[in-house]
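Before any comments, here is the structure.
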Amino acid sequence: MSEVKNPEVLDVAMESLENEETAQVNYSEKSLAELADLFMELARNPERMKMNKEAEAIKSAFYKNLAKEKAAAGLAVPEGQAAGADETVQDTEETEVRDESVSENPFAEIERGFKALYNAYRKERAEYNREQEKERENNLALKEAVINDLKALLEKQEDVNRTFPEFRDIQNRWRAIGQVPVQNFRDLNDTYQLYVEQFYDMVKINRELRDLDFKKNLEVKTGFCEQAEKLAGSDNVVEAFKELQKLHEQWKEYGPVAKEFRESIWDRFKAATSVINKKYQAHFEGLKEQYAGNLAAKTALCEKVEEIASRENITAPEWNTLSKDIEDIQKEWKTIGFASKKENQKIYDRFRAACDKFFERKREFYSGYKENMNSNLEKKIALCEEAEALKSSTDWKKTANRLISLQKQWKEIGAVPRKKSEQLWKRFRAACDEFFNERDKNVKPENDFYGNLKAKQRLVEEIKAYTVTGDDDADAEAMNAFIQRWQEIGFVPFKEKDNIARDYKEALNGKFGDIASKARRARYAKAPKNEKERLVQKYIKKEQDITTYENNIGFFSMSKNSEPLIRQMRERIEQAKKELEELKEQIRAIDSASESAE
C-alpha cells in the first residue's frame with residue numbers, strides 16, 4: 001500500500017476519526033443528569049467494551065461540570081476534582097463503606113450513582129482487556145506453532161502430493177487464528193510470508209497444483225481489486241479508507257499469483273489504493289482548513305464576548321441589551337463546527353469563561369442595584385409620609401414651598417422597584433394635589449392663582465402673535481421682555497402649572513428659537529481665551545468631580561454588596577488627584593514663562 005506523504009494530514013485524519021467517533025456529542029454542554037443517563041446507556045450497549053473513549057469523555061465532562069456546579073453553589077471543590085479530566089473515581093465498595101446514609105449535599109447522590117456506574121464499567125473493561133490480551137498471547141503461540149509446522153514442512157523434502165495438502169491446512173490454520181499482540185505482528189507476519197515464498201519458490205511441487213493455487217490467489221486478489229476500485233468511487237472517503245485497510249490486510253494473507261500476473265495485479269490494486277489515498281488526503285486537507293476556519297470564527301466570538309464582559313459603567317438598560325447580544329453570540333457559536341481536537345476544548349473554555357464573567361458582573365450589578373432601589377424606595381416613602389403630614393396645613397406659602405422642595409427631591413432620587421413605582425408616585429401626587437387644591441380654593445386676592453393662569457395664557461398668545469422683525473437685537477430685546485413678564489406673574493393653580501409651562505416653552509422656542517441659538521453661540525464665544533484659562537477651568541471641573549465621587553462613596557456605603565462600586569469611586573478619586581497635580585504644574589509653568597517674558 002502506498003503511504004500518505006504528508007504526516008500532518010495523517011495526524012489530522014486520525015484526529016478527525018476520533019472527532020467523528022467520540023466527539024459527535026459535546027458532552028461539556030450536558031447536565032449532570034444527562035451525562036449520568038448517557039453513561040447508563042453506554043453501559044448497556046453490547047459494544048460497550050469498544051467504547052472506552054466515549055466513557056472517558058463522559059466521565060471527564062461529568063466531573064468538570066460537577067466541579068463548576070459545586071463552585072457555583074458555594075460548596076468546597078476538592079483540589080483534584082476542579083480539573084475534571086483527571087478525576088480519580090474510587091471503587092464502589094469503598095464508596096459504600098464510607099457513607100450509607102443520604103447526604104445533604106445535593107450533588108452527593110448523583111456523584112455516588114455515577115461513580116458506581118463508572119466503576120462497574122471499569123472493572124468489566126479491565127476484565128475484558130485481560131481476556132483480550134490473554135487471547136492475543138494465545139494466538140501468538142498458535143501462529144508460532146503454525147510457522148514451526150511450515151518450517152518443518154519445508155525441511156521434509158517429501159513428495160509434493162503429500163506436502164501440498166499439509167501446506168493448504170497450514171494456510172487455513174493461519175487465517176483462522178485471530179489477532180496477536182501488536183508488537184509481534186510485523187515480525188510474525190514477515191516470517192510467515194518468507195516461508196510461504198520459500199515453499200513456492202524452493203520446493204519442487206507439481207506445476208499443476210501450483211498453477212491451480214496461483215489461479216485461486218489471482219481470483220481472490222482480482223476480487224480485492226474490484227472492491228478497491230468500487231471504494232475509489234465512493235463519496236464516503238473516510239469509510240472507504242477504513243475498508244481499504246482491511247483489504248490490504250486480507251491481501252497479505254494470500255499467497256502469490258503466477259509470475260506473469262504478479263506485477264499487473266499489484267499495479268491494479270495499487271492504482272485503486274492511490275486514488276483512495278489521494279481523495280483521503282484531499283479530504284483531510286480540506287478538513288484541516290475547515291478546522292482552522294472554525295477556530296478563527298470562534299476566536300472572533302470569544303473576543304466579542306470578552307470586550308462586552310470588560311466594559312465599564314454599564315447601566316441597567318444596557319445590561320439587558322448586552323445580555324441579548326451575548327445570547328445571540330451563543331446561538332451563533334452553536335452553528336460553527338468543531339475546531340481541531342487540540343484546540344476545540346481550549347477555545348470552548350475561553351468562550352465559556354468570557355460568558356461566565358459577563359453574567360457574574362451582571363449579577364453583581366443587580367445585587368448592588370437592588371440595594372440602591374430599596375434605599376430609594378425608603379427615601380420616597382419618607383417623602384410620601386412628609387407630604388401626607390403637610391397636606392392639611394393652612395400655612396399656604398410655607399407649606400407650598402416645602403412641597404415644591406419635596407417634589408425636586410423626588411426627581412433627584414433614583415429608580416425604585418417597578419412594582420412599587422406607580423403606586424408610590426400616585427400616593428405622593430395625591431398628597432400634593434390635596435394641599436394645592438385646598439390652597440387654590442382659599443386663595444386671597446393678592447394670590448389670584450387663576451388670575452395668574454389667565455395672565456400667562458394671554459402672554460403665550462402674545463408671544464405666538466409676535467412678528468419677528470429680522471433685527472436680532474430688537475427681537476432679542478422683545479424675547480427678554482416676554483421672559484421678564486412671565487417671571488413677574490405669580491403662581492398658577494398647581495394642577496395647571498405643567499400645561500401652561502409647556503405651552504410657554506413651545507411658544508417661546510417656536511418664535512425665538514434662532515435668537516436663543518445665537519445667544520448661546522455668543523456665550524460659547526466667551527470660552528477661555530488662552531491656555532491658562534482653559535487649564536484653570538479644567539482644574540475647577542476636576543475638583544468638582546472629586547467632590548461628586550466622594551459624595552457617591554457616602555451614598556454607596558449605605559448599601560450592601562457595594563464594595564466594587566466604592567472601589568471604583570476611590571480609583572477615580574486617585575486618578576483625578578493625579579490629574580490635579582499635573583494641571584497645577586502646567587499652570588505654574590505658564591506663570592513662570594510669563595514672568596520670564598516680563
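Ordering of the C-alpha cells sets the chain letters (A, B, ...); residue numbers start at 1 within each chain; ligands are numbered from 1 in the order shown.
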
| request: Going by DSSP on the backbone, which bits of range 194-238 of chain A are helix (DSSP H, G or I)? Write them as a count of residues only, please. | output: 37

Mind checking which residues fall within 8 Å of range 138-141 of chain A, counting only C-alpha atoms, ignoring those fewer than 6 positions away in the same chain, and posting them as a short mmCIF file (atom, residue, chain, number, x, y, z; two decimals) with N, CA and C atoms, in the first residue's frame?
data_model
loop_
_atom_site.label_atom_id
_atom_site.label_comp_id
_atom_site.auth_asym_id
_atom_site.auth_seq_id
_atom_site.Cartn_x
_atom_site.Cartn_y
_atom_site.Cartn_z
N ILE A 177 -6.68 -18.05 12.80
CA ILE A 177 -6.22 -17.54 14.11
C ILE A 177 -6.42 -16.03 14.15
N GLY A 178 -6.88 -15.52 15.28
CA GLY A 178 -7.19 -14.09 15.44
C GLY A 178 -5.95 -13.23 15.64
N GLN A 179 -6.17 -12.02 16.22
CA GLN A 179 -5.10 -11.04 16.38
C GLN A 179 -4.07 -11.49 17.41
N VAL A 180 -2.84 -10.97 17.21
CA VAL A 180 -1.74 -11.21 18.14
C VAL A 180 -1.33 -9.84 18.71
N PRO A 181 -0.50 -9.82 19.77
CA PRO A 181 -0.03 -8.53 20.29
C PRO A 181 0.60 -7.69 19.18
N ASN A 184 4.22 -7.85 18.08
CA ASN A 184 4.71 -9.08 17.46
C ASN A 184 4.21 -9.26 16.04
#

| request: Considering only C-alpha atoms, return as an MDAnalysis selection string whatever protein or nucleic-acid residues lie within 10 Å of Gly233 in chain A, sequence-local ones (same chain, fewer than 4 positions apart) excluded. | output: chainID A and resid 228:229 237 240 272 275:276 279

Just the selected residues (N, CA and C atoms), exported as a short mmCIF file (atom, residue, chain, number, x, y, z; two decimals), in the first residue's frame, please.
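Result file follows (selection.cif):
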data_model
loop_
_atom_site.label_atom_id
_atom_site.label_comp_id
_atom_site.auth_asym_id
_atom_site.auth_seq_id
_atom_site.Cartn_x
_atom_site.Cartn_y
_atom_site.Cartn_z
N ALA A 228 -11.62 -2.60 -4.21
CA ALA A 228 -10.88 -1.36 -4.04
C ALA A 228 -11.32 -0.31 -5.06
N GLU A 229 -11.53 -0.75 -6.32
CA GLU A 229 -11.98 0.18 -7.36
C GLU A 229 -13.37 0.74 -7.06
N VAL A 237 -15.39 9.14 1.90
CA VAL A 237 -13.94 8.97 1.81
C VAL A 237 -13.38 8.26 3.04
N ALA A 240 -14.32 4.58 3.05
CA ALA A 240 -13.58 3.90 2.00
C ALA A 240 -12.14 3.63 2.44
N ALA A 272 -5.92 1.63 -7.51
CA ALA A 272 -7.14 1.94 -6.76
C ALA A 272 -6.78 2.51 -5.39
N VAL A 275 -5.82 6.17 -5.69
CA VAL A 275 -6.99 7.05 -5.84
C VAL A 275 -7.63 7.33 -4.48
N ILE A 276 -7.81 6.25 -3.69
CA ILE A 276 -8.44 6.41 -2.37
C ILE A 276 -7.57 7.28 -1.47
N LYS A 279 -7.79 10.97 -2.46
CA LYS A 279 -9.07 11.54 -2.04
C LYS A 279 -9.09 11.74 -0.51
#

| field | Surrounding residues of range 160-175 of chain A excluding itself and chain neighbours under 5 positions, 12 Å, only C-alpha atoms, as number ranges by chain | value | A: 139-155, 180, 188-189, 192-193, 195-200, 202-210, 212-213, 249-255

| Can you tell me, as a ChimeraX atom specification, what residues are no more than 10 Å from Leu75 in chain A when counting only C-alpha atoms, ignoring any on the same chain fewer than 5 positions away? | /A:67-70,105,107

| request: Fewer than 6 positions away in the same chain doesn't count, so skip those; otherwise give me all residues within 12 Å of Phe261 in chain A, counting only C-alpha atoms, as a VMD selection string. | output: chain A and resid 211 214 to 215 217 to 219 221 to 222 267 to 268

Restricting it to N, CA and C atoms, dump the selection as a short mmCIF file (atom, residue, chain, number, x, y, z; two decimals), in the first residue's frame.
data_model
loop_
_atom_site.label_atom_id
_atom_site.label_comp_id
_atom_site.auth_asym_id
_atom_site.auth_seq_id
_atom_site.Cartn_x
_atom_site.Cartn_y
_atom_site.Cartn_z
N ASP A 211 -0.09 -24.14 -10.19
CA ASP A 211 -0.85 -23.24 -11.06
C ASP A 211 -2.28 -23.08 -10.58
N PHE A 214 -2.03 -20.71 -7.76
CA PHE A 214 -1.83 -19.37 -8.31
C PHE A 214 -3.13 -18.80 -8.87
N LYS A 215 -3.89 -19.66 -9.57
CA LYS A 215 -5.14 -19.22 -10.18
C LYS A 215 -6.14 -18.78 -9.10
N ASN A 217 -5.44 -17.76 -6.08
CA ASN A 217 -4.96 -16.50 -5.48
C ASN A 217 -5.25 -15.31 -6.40
N LEU A 218 -5.10 -15.55 -7.72
CA LEU A 218 -5.39 -14.48 -8.68
C LEU A 218 -6.86 -14.10 -8.65
N GLU A 219 -7.75 -15.10 -8.54
CA GLU A 219 -9.18 -14.80 -8.48
C GLU A 219 -9.50 -13.98 -7.23
N LYS A 221 -7.44 -12.07 -5.43
CA LYS A 221 -6.84 -10.74 -5.49
C LYS A 221 -7.51 -9.87 -6.54
N THR A 222 -8.02 -10.50 -7.61
CA THR A 222 -8.82 -9.73 -8.57
C THR A 222 -10.08 -9.18 -7.89
N ASP A 267 -0.20 -3.73 -9.59
CA ASP A 267 -0.36 -2.38 -10.12
C ASP A 267 -1.82 -1.95 -10.12
N ARG A 268 -2.72 -2.90 -10.42
CA ARG A 268 -4.15 -2.58 -10.45
C ARG A 268 -4.64 -2.24 -9.03
#

| said: Just to confirm, what's the straight-line distance from CA of Tyr466 in chain A to CA of Pro493 in chain A in Å (one decimal)? | reply: 26.6 Å

| What's the 10 Å shell around Gln409 in chain A, counting only C-alpha atoms, without same-chain residues fewer than 4 positions away, as a PyMOL selection string? | chain A and resi 379-380+383+403-405+413-414

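Take the candidates A:Ser375, A:Ser323, A:Phe494, A:Glu388 and check each one against Asp356 in chain A using only C-alpha atoms; the shortest distance goes to A:Ser323.
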
| said: For a quick check of understanding, using only C-alpha atoms, which of A:Gly74, A:Pro417, A:Pro256, A:Gly337 has the smallest distance to Asn294 in chain A? | reply: A:Gly337

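Distances here use only C-alpha atoms; by that measure, the residue among A:Asp349, A:Glu47, A:Glu488, A:Asp514 closest to Lys64 in chain A is A:Asp349.
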
| task | Would you please work out which residue, of A:Glu312, A:Glu41, A:Asp190, A:Glu332, is nearest to Glu54 in chain A when using only C-alpha atoms? | result | A:Glu41

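Here CA of Phe436 in chain A stands at a distance of 27.5 Å from CA of Lys419 in chain A.
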